[in-house]
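Peer 1: File follows, upload_34.txt with compact mmCIF, C-alpha atoms:
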# COMPACT_ATOMS: atom_id res chain seq x y z
CA MET A 1 116.21 101.15 142.39
CA LYS A 2 112.48 100.53 142.71
CA THR A 3 111.02 97.74 140.57
CA ILE A 4 107.63 98.19 138.92
CA SER A 5 105.99 95.32 137.06
CA ILE A 6 103.33 96.01 134.44
CA ARG A 7 100.97 93.17 133.57
CA CYS A 8 100.24 93.10 129.84
CA GLY A 9 97.43 91.04 128.35
CA ASN A 10 97.60 89.83 124.75
CA ILE A 11 101.04 90.92 123.48
CA THR A 12 100.92 89.02 120.17
CA PRO A 13 101.14 90.93 116.87
CA ASN A 14 97.84 91.57 115.12
CA SER A 15 98.68 89.85 111.84
CA ALA A 16 99.99 86.40 110.96
CA GLU A 17 102.21 88.14 108.37
CA VAL A 18 104.34 89.67 111.14
CA ASP A 19 107.77 88.13 111.69
CA HIS A 20 108.03 87.33 115.42
CA ASP A 21 111.83 87.32 115.22
CA ASP A 22 111.79 90.97 114.06
CA VAL A 23 109.51 91.87 116.96
CA ILE A 24 111.65 90.02 119.50
CA PHE A 25 114.79 91.71 118.15
CA GLY A 26 113.02 95.08 118.45
CA TRP A 27 112.19 94.45 122.10
CA ARG A 28 115.78 93.39 122.75
CA GLU A 29 116.99 96.65 121.18
CA VAL A 30 114.73 98.69 123.46
CA GLU A 31 115.86 96.65 126.46
CA SER A 32 119.47 97.45 125.57
CA ILE A 33 118.71 101.18 125.25
CA LEU A 34 116.81 101.35 128.52
CA THR A 35 119.60 100.20 130.80
CA ASN A 36 120.09 102.78 133.54
CA TYR A 37 118.80 105.23 130.96
CA ALA A 38 118.41 108.86 132.04
CA ILE A 39 115.07 110.48 131.19
CA LYS A 40 115.06 114.17 132.03
CA ILE A 41 111.82 115.52 133.50
CA ASP A 42 113.27 119.04 133.42
CA SER A 43 116.65 120.69 133.95
CA TYR A 44 116.71 119.66 137.62
CA ARG A 45 114.93 116.31 137.73
CA THR A 46 116.07 113.04 136.14
CA VAL A 47 114.65 109.53 136.32
CA TYR A 48 116.96 106.57 135.65
CA ILE A 49 115.13 103.63 134.15
CA SER A 50 115.99 100.04 133.18
CA LEU A 51 113.73 97.66 131.30
CA ASN A 52 113.48 93.89 131.60
CA ALA A 53 111.40 92.51 128.71
CA SER A 54 112.59 88.90 128.95
CA GLU A 55 109.06 87.58 129.64
CA VAL A 56 107.72 89.37 126.55
CA CYS A 57 110.48 87.98 124.34
CA ASP A 58 110.02 84.48 125.74
CA ARG A 59 106.26 84.56 125.17
CA LEU A 60 106.68 85.91 121.62
CA TYR A 61 109.14 83.08 120.89
CA TRP A 62 106.69 80.39 122.01
CA LEU A 63 103.87 82.00 120.05
CA LYS A 64 105.75 81.72 116.76
CA PRO A 65 103.65 79.53 114.40
CA GLU A 66 106.16 76.67 114.52
CA ASN A 67 106.12 76.65 118.35
CA CYS A 68 102.40 77.16 118.99
CA GLU A 69 101.45 73.49 119.17
CA GLU A 70 103.92 72.79 121.97
CA PHE A 71 102.97 76.04 123.72
CA PHE A 72 99.28 75.13 123.89
CA ARG A 73 100.04 71.53 124.84
CA ASN A 74 101.93 72.68 127.92
CA LEU A 75 99.71 75.63 128.78
CA PRO A 76 98.44 75.63 132.37
CA PHE A 77 95.54 78.03 132.19
CA ASP A 78 92.44 78.78 134.22
CA MET A 79 89.63 80.22 132.09
CA ASP A 80 88.27 82.02 135.17
CA ASN A 81 91.36 84.26 135.18
CA TRP A 82 91.22 85.23 131.49
CA GLU A 83 91.06 88.98 132.18
CA THR A 84 94.15 89.16 134.39
CA GLU A 85 96.05 86.08 133.18
CA HIS A 86 95.65 86.10 129.41
CA PRO A 87 97.50 83.08 127.95
CA PHE A 88 99.29 85.40 125.51
CA GLY A 89 100.24 87.86 128.25
CA ALA A 90 103.54 88.73 129.91
CA ASN A 91 104.99 91.09 132.49
CA VAL A 92 107.21 94.07 131.68
CA HIS A 93 109.55 95.02 134.51
CA PHE A 94 110.94 98.51 135.09
CA SER A 95 113.61 99.54 137.57
CA ILE A 96 113.34 103.22 138.43
CA GLU A 97 115.47 105.59 140.45
CA LYS A 98 115.00 109.36 140.58
CA ASN A 99 117.38 112.10 141.78
CA PHE A 100 114.67 114.16 143.49
CA ASP A 101 111.92 114.04 146.09
CA ASP A 102 108.56 115.39 144.98
CA GLU A 103 105.27 114.27 146.47
CA LYS A 104 103.43 115.55 143.39
CA TRP A 105 105.43 113.36 140.99
CA ASN A 106 103.12 110.72 139.52
CA GLU A 107 105.03 107.47 139.13
CA VAL A 108 102.09 105.66 137.51
CA LYS A 109 101.65 108.39 134.87
CA PHE A 110 105.40 108.33 134.16
CA VAL A 111 105.39 104.57 133.53
CA GLU A 112 102.27 104.92 131.38
CA ARG A 113 104.01 107.51 129.20
CA VAL A 114 107.07 105.25 128.83
CA MET A 115 104.80 102.38 127.75
CA GLU A 116 103.14 104.66 125.17
CA GLN A 117 106.55 105.70 123.83
CA LEU A 118 107.64 102.06 123.59
CA PHE A 119 104.46 101.34 121.67
CA LEU A 120 105.03 104.17 119.16
CA VAL A 121 108.75 103.50 118.67
CA LEU A 122 108.36 99.77 118.09
CA ASN A 123 105.34 100.00 115.78
CA VAL A 124 106.89 102.68 113.57
CA ALA A 125 110.22 100.82 113.38
CA VAL A 126 108.96 97.22 113.12
CA ARG A 127 105.85 95.72 111.60
CA GLY A 128 103.59 94.60 114.46
CA GLY A 129 106.35 95.66 116.84
CA CYS A 130 104.25 96.09 119.97
CA ASN A 131 100.74 95.12 121.02
CA PHE A 132 99.15 95.58 124.43
CA GLY A 133 95.76 93.87 124.38
CA SER A 134 95.56 95.19 127.91
CA ILE A 135 97.89 96.89 130.37
CA GLN A 136 97.46 97.17 134.11
CA ILE A 137 98.70 100.65 135.01
CA GLY A 138 98.22 101.21 138.72
CA ASP A 139 94.72 100.01 139.54
CA SER A 140 93.27 100.53 136.06
CA TRP A 141 93.33 98.46 132.88
CA LYS A 142 93.90 100.05 129.47
CA SER A 143 94.39 98.66 125.97
CA LEU A 144 96.78 99.77 123.22
CA HIS A 145 96.06 97.73 120.10
CA CYS A 146 98.48 97.79 117.17
CA SER A 147 95.80 96.65 114.70
CA ASN A 148 95.25 100.01 112.99
CA ILE A 149 98.99 100.71 112.70
CA GLU A 150 99.60 97.17 111.45
CA SER A 151 96.88 97.77 108.84
CA GLY A 152 98.98 100.66 107.53
CA TRP A 153 101.94 98.29 107.11
CA HIS A 154 99.60 95.81 105.41
CA TYR A 155 98.32 98.50 103.04
CA SER A 156 101.93 99.21 102.04
CA SER A 157 102.70 95.54 101.41
CA ILE A 158 99.68 94.83 99.19
CA ASN A 159 99.87 98.09 97.23
CA SER A 160 103.68 98.32 96.99
CA TRP A 161 103.32 101.92 98.15
CA PRO A 162 104.41 103.73 100.18
CA LEU A 163 107.59 101.78 100.85
CA ILE A 164 107.67 100.90 104.55
CA GLN A 165 110.36 98.62 105.89
CA PRO A 166 111.95 97.83 109.28
CA ILE A 167 114.32 100.52 110.53
CA PRO A 168 116.68 100.51 113.55
CA VAL A 169 114.72 100.69 116.79
CA ALA A 170 117.51 102.63 118.51
CA LYS A 171 117.38 105.36 115.88
CA SER A 172 113.59 105.47 116.23
CA TRP A 173 113.75 105.73 120.05
CA TYR A 174 116.22 108.63 120.13
CA TRP A 175 114.34 110.48 117.40
CA PHE A 176 110.99 110.19 119.19
CA GLU A 177 112.57 111.26 122.47
CA LYS A 178 114.03 114.32 120.75
CA HIS A 179 110.98 115.38 118.74
CA SER A 180 107.99 113.82 120.52
CA SER A 181 108.60 114.07 124.25
CA LEU A 182 107.02 111.59 126.63
CA PHE A 183 105.47 114.52 128.44
CA PHE A 184 103.65 116.50 125.74
CA ASN A 185 100.00 117.22 126.52
CA LEU A 186 99.09 119.41 123.55
CA ALA A 187 100.19 118.14 120.15
CA ASN A 188 101.26 121.36 118.45
CA THR A 189 103.95 120.13 116.03
CA SER A 190 103.65 117.80 113.06
CA ILE A 191 105.45 115.02 114.92
CA THR A 192 103.52 115.27 118.19
CA LYS A 193 100.30 115.41 116.16
CA ALA A 194 101.35 112.18 114.44
CA SER A 195 102.06 110.58 117.83
CA ALA A 196 98.70 111.73 119.18
CA VAL A 197 96.74 110.40 116.20
CA LEU A 198 98.46 106.99 116.30
CA LEU A 199 97.82 106.70 120.04
CA HIS A 200 94.21 107.83 119.59
CA LEU A 201 93.61 105.13 116.96
CA SER A 202 95.30 102.51 119.12
CA TYR A 203 93.55 103.25 122.40
CA LYS A 204 90.02 103.08 121.04
CA GLY A 205 90.63 100.06 118.84
CA ASP A 206 87.74 100.73 116.44
CA ILE A 207 87.57 103.27 113.60
CA GLU A 208 85.39 106.34 113.06
CA SER A 209 84.87 108.75 110.18
CA THR A 210 86.57 111.51 112.19
CA ASP A 211 89.82 109.52 112.06
CA VAL A 212 90.09 110.49 108.38
CA LEU A 213 89.96 114.17 109.38
CA GLN A 214 92.67 113.75 112.01
CA LEU A 215 94.95 111.91 109.60
CA SER A 216 94.45 114.61 106.96
CA GLN A 217 95.35 117.28 109.53
CA VAL A 218 98.69 115.58 110.22
CA MET A 219 99.46 114.99 106.53
CA GLU A 220 98.75 118.64 105.71
CA ASN A 221 100.88 119.80 108.62
CA PHE A 222 103.83 117.74 107.38
CA TYR A 223 103.60 118.59 103.69
CA LEU A 224 101.61 121.75 102.92
CA ASN A 225 102.02 125.49 103.27
CA LYS A 226 99.11 127.62 104.40
CA GLY A 227 96.58 128.10 101.59
CA GLU A 228 98.17 125.48 99.32
CA PRO A 229 95.68 123.26 97.40
CA LYS A 230 95.38 120.14 99.49
CA ALA A 231 94.96 117.12 97.20
CA ARG A 232 97.12 118.54 94.39
CA GLY A 233 99.85 119.72 96.77
CA LEU A 234 99.98 116.40 98.60
CA ASN A 235 99.98 114.45 95.36
CA ARG A 236 103.14 116.25 94.24
CA LYS A 237 105.01 116.38 97.53
CA ILE A 238 104.26 112.96 98.98
CA ALA A 239 105.60 111.38 95.78
CA VAL A 240 108.94 113.14 96.34
CA VAL A 241 109.28 111.66 99.84
CA LEU A 242 107.55 108.28 99.57
CA GLY A 243 107.96 107.45 95.90
CA HIS A 244 105.67 107.90 92.91
CA LEU A 245 102.16 106.59 93.25
CA PRO A 246 101.51 103.24 91.54
CA HIS A 247 100.62 103.80 87.89
CA ALA A 248 97.48 101.68 88.33
CA ASN A 249 96.08 104.10 90.89
CA LYS A 250 97.17 107.69 90.45
CA GLY A 251 94.11 108.90 92.35
CA LEU A 252 95.09 107.61 95.80
CA ILE A 253 95.32 111.07 97.37
CA GLN A 254 92.30 112.40 95.48
CA ASP A 255 90.20 109.45 96.73
CA PHE A 256 91.30 110.17 100.30
CA TYR A 257 90.31 113.82 99.98
CA LYS A 258 86.99 113.08 98.34
CA LEU A 259 86.02 111.06 101.39
CA ARG A 260 87.49 113.68 103.72
CA SER A 261 85.37 116.36 102.04
CA VAL A 262 82.18 114.33 102.37
CA ILE A 263 82.90 113.74 106.07
CA ALA A 264 83.96 117.34 106.82
CA HIS A 265 80.83 118.81 105.20
CA GLY A 266 78.49 116.56 107.15
CA ASP A 267 77.30 114.37 104.28
CA PHE A 268 78.76 111.09 105.53
CA PRO A 269 76.50 109.00 107.80
CA LEU A 270 77.51 108.36 111.41
CA PHE A 271 77.50 104.92 112.98
CA ARG A 272 75.29 104.32 115.97
CA PRO A 273 77.53 103.54 119.00
CA ARG A 274 77.55 99.80 119.59
CA TYR A 275 79.60 99.54 122.79
CA ASP A 276 81.13 96.16 122.02
CA GLU A 277 77.84 94.68 120.91
CA THR A 278 77.72 92.00 118.23
CA ASP A 279 77.62 92.99 114.56
CA LEU A 280 73.86 92.48 114.39
CA GLY A 281 72.55 94.67 111.58
CA PHE A 282 76.04 95.58 110.39
CA LYS A 283 75.22 94.72 106.76
CA GLU A 284 73.44 98.05 106.40
CA ALA A 285 76.60 99.96 107.36
CA GLU A 286 79.22 97.60 105.94
CA GLN A 287 80.12 99.51 102.76
CA HIS A 288 80.49 102.79 104.63
CA TYR A 289 82.70 101.06 107.18
CA TRP A 290 85.04 99.65 104.54
CA ASP A 291 85.18 102.99 102.71
CA ILE A 292 86.48 104.58 105.89
CA SER A 293 88.74 101.64 106.76
CA ASN A 294 90.56 101.69 103.41
CA GLU A 295 91.29 105.41 103.59
CA ILE A 296 92.42 105.18 107.22
CA ASP A 297 94.82 102.36 106.28
CA LYS A 298 96.15 104.55 103.48
CA GLY A 299 96.54 107.55 105.77
CA VAL A 300 98.33 105.50 108.44
CA ALA A 301 100.68 104.02 105.80
CA ILE A 302 101.56 107.54 104.59
CA LEU A 303 102.09 108.63 108.18
CA ILE A 304 104.42 105.71 109.00
CA GLY A 305 106.36 106.22 105.76
CA THR A 306 106.77 109.93 106.52
CA LEU A 307 107.93 109.27 110.09
CA GLN A 308 110.43 106.68 108.87
CA PHE A 309 111.78 109.16 106.30
CA LEU A 310 112.29 111.79 109.01
CA ILE A 311 113.85 109.26 111.42
CA GLU A 312 116.30 107.97 108.82
CA ASN A 313 117.33 111.56 108.01
CA ASP A 314 117.31 112.70 111.66
CA ALA A 315 114.99 115.53 110.63
CA SER A 316 111.98 117.22 112.20
CA SER A 317 110.43 118.72 109.07
CA MET A 318 110.67 118.94 105.30
CA SER A 319 111.02 121.87 102.89
CA PHE A 320 110.07 121.71 99.22
CA TYR A 321 111.52 123.95 96.54
CA GLU A 322 110.29 124.58 93.02
CA SER A 323 112.75 124.44 90.12
CA ILE A 324 112.41 125.82 86.62
CA SER A 325 114.21 124.53 83.54
CA VAL A 326 114.47 126.79 80.51
CA GLU A 327 115.23 125.47 77.05
CA THR A 328 116.24 127.63 74.16
CA ASN A 329 116.31 126.84 70.48
CA GLY A 330 119.65 127.58 69.04
Show me, as structure tokens, the structure contained in the file I just sent.
Peer 2:
Amino acid sequence: MKTISIRCGNITPNSAEVDHDDVIFGWREVESILTNYAIKIDSYRTVYISLNASEVCDRLYWLKPENCEEFFRNLPFDMDNWETEHPFGANVHFSIEKNFDDEKWNEVKFVERVMEQLFLVLNVAVRGGCNFGSIQIGDSWKSLHCSNIESGWHYSSINSWPLIQPIPVAKSWYWFEKHSSLFFNLANTSITKASAVLLHLSYKGDIESTDVLQLSQVMENFYLNKGEPKARGLNRKIAVVLGHLPHANKGLIQDFYKLRSVIAHGDFPLFRPRYDETDLGFKEAEQHYWDISNEIDKGVAILIGTLQFLIENDASSMSFYESISVETNG
């Protein structure tokens, strides 16, 4: 089998609230699944893959709050190599063997898709389950940040809604493989749309007003029939799946759709691209930024809760039926 090592930069969870032991256990689960694991490209071609994530698990262990002091005390680190040798980085090792010869087969793209699937599976199943501050895929560097997904988990924890909790990583992996293939290019189902939106948020790292529109598209695709009133329909149906909205804030969905409407009709201001500049002059845009941020966190929390519901029930979609009760006097 051919061994491919992927250098990952900052692999630490985004939030101090994340339990490193849960994340380590999640990686160990994935490592157990991906042991000479057959991934079918099509009916004729299969790739057998094994994962070695021991460096990731070791680094996550030493970056637990109680171990950090010793970690930094013994850290041999050259600041000149920060980009390629991040102190919180680790290597992920894949062993790959395929049953076919095809010069057109792109090994780098295959590994990239596996890394994306790992990212989705772990972050939906475990809070802060996977973070790639940078990944060296082939000759290029990319970043997959879990910050926006983790913010959805955080929204759930501080609002006590929707209920999101750790679920088995194995169940999450097999469900994603079944319903959100590694190889989809066009997201044309509710589940692949959810995968695409979460990856889109994670690759770019920052937030934009258009993220609210993409999240609403996925929510509507999961819950609504064509022509059904959006806010009212979601308010009724989401409560059935994710639990009743907190009594203190019954307008959670309406607030989301008010902002969506303002954005969709062109009334919301756009941010000038800053290209990693400092936040000079950000005060002027701060309130608009936090308006968007709060609704994106809410939308991501709803999305994670919905995916977890489907995973736990091994389902690909939901159907809602009306019932009528008739009372007679007699």
Peer 1: Rounded to one decimal in Å, what is the spacing between atom CA of Pro65 of chain A and atom CA of Ala16 of chain A?
Peer 2: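 A separation of 8.5 Å between them.
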Peer 1: Calculate how many Å separate atom CA of Leu201 of chain A from atom CA of Leu51 of chain A, rounding to one decimal.
Peer 2: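 Interatomic distance here is 25.8 Å.
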Peer 1: Return the single residue from A:Leu122, A:Asn52, A:Glu31, A:Asn99 that is closest to Ser172 of chain A, with distances computed using all atoms listed in the file.
Peer 2: A:Leu122
Peer 1: List as a PyMOL selection string the protein and nucleic acid residues near His265 of chain A, meaning an atom at most 12 Å away when all atoms listed in the file are counted, but skip any in the same chain fewer than 4 places from it.
Peer 2: chain A and resi 209-210+213+257-261+269
Peer 1: Env of Met115 of chain A: 12 Å cut, atoms = only C-alpha atoms, seq-sep filter 3 positions within chain, self excluded. Answer as a ChimeraX atom specification.
Peer 2: /A:5-8,30,51,53,92-94,108-112,118-122,130-132,134-137,142-144,182,199
Peer 1: To one decimal place, how far is atom CA of Thr35 of chain A from atom CA of Ile49 of chain A in Å?
Peer 2: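 It comes out at 6.6 Å.
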Peer 1: Using the file's own x, y and z axes, what box holds all listed atoms of segment 315-320 of chain A with 4 Å on each side, keeping edges along x, y and z, and what are its centre and edge lengths in Å to one decimal, as AutoDock Vina command-line options?
Peer 2:
--center_x 112.5 --center_y 118.7 --center_z 105.7 --size_x 12.9 --size_y 14.3 --size_z 21.0
Peer 1: Nearest to Thr192 of chain A: which of A:Trp141, A:Ser32, A:Gln117, A:Ser156 is it, counting only C-alpha atoms?
Peer 2: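 Under the stated criterion, the closest residue is A:Gln117.
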Peer 1: Contacts of segment 287-293 of chain A at 8 Å or less, counting all atoms listed in the file, minus same-chain residues fewer than 3 places along, as a PyMOL selection string?
Peer 2: chain A and resi 207-209+212+259+283-284+296-297
Peer 1: Any idea what's packed within 10 Å of Ile302 of chain A, counting all atoms listed in the file, ignoring anything in its chain fewer than 6 positions away? Could you give it as a tab-separated table (two decimals) with C-alpha atoms, in the coordinates of the input?
Peer 2:
chain	number	residue	atom	x	y	z
A	152	GLY	CA	98.98	100.66	107.53
A	153	TRP	CA	101.94	98.29	107.11
A	155	TYR	CA	98.32	98.50	103.04
A	156	SER	CA	101.93	99.21	102.04
A	161	TRP	CA	103.32	101.92	98.15
A	162	PRO	CA	104.41	103.73	100.18
A	163	LEU	CA	107.59	101.78	100.85
A	164	ILE	CA	107.67	100.90	104.55
A	215	LEU	CA	94.95	111.91	109.60
A	219	MET	CA	99.46	114.99	106.53
A	238	ILE	CA	104.26	112.96	98.98
A	241	VAL	CA	109.28	111.66	99.84
A	242	LEU	CA	107.55	108.28	99.57
A	296	ILE	CA	92.42	105.18	107.22
A	308	GLN	CA	110.43	106.68	108.87
Peer 1: For a quick check of understanding, using all atoms listed in the file, which of A:Ser50, A:Gln165, A:Thr12, A:Ser323 has the smallest distance to Lys64 of chain A?
Peer 2: A:Thr12
Peer 1: For Asn294 of chain A, which of A:Asn148, A:Ser316, A:Asn10, A:Asn225 is the closest residue, counting all atoms listed in the file?
Peer 2: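 Using all atoms listed in the file, Asn294 of chain A sits closest to A:Asn148.
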Peer 1: Between A:Ile263, A:Leu252, A:Ile39, A:Val126, which has the minimum distance to Val18 of chain A (counting all atoms listed in the file)?
Peer 2: A:Val126
Peer 1: Write out as a ChimeraX atom specification which residues come within 12 Å of Asp58 of chain A when counting all atoms listed in the file, dropping same-chain ones fewer than 2 positions away.
Peer 2: /A:11-12,20-21,23-25,27-28,52-56,60-64,67,71,88-92
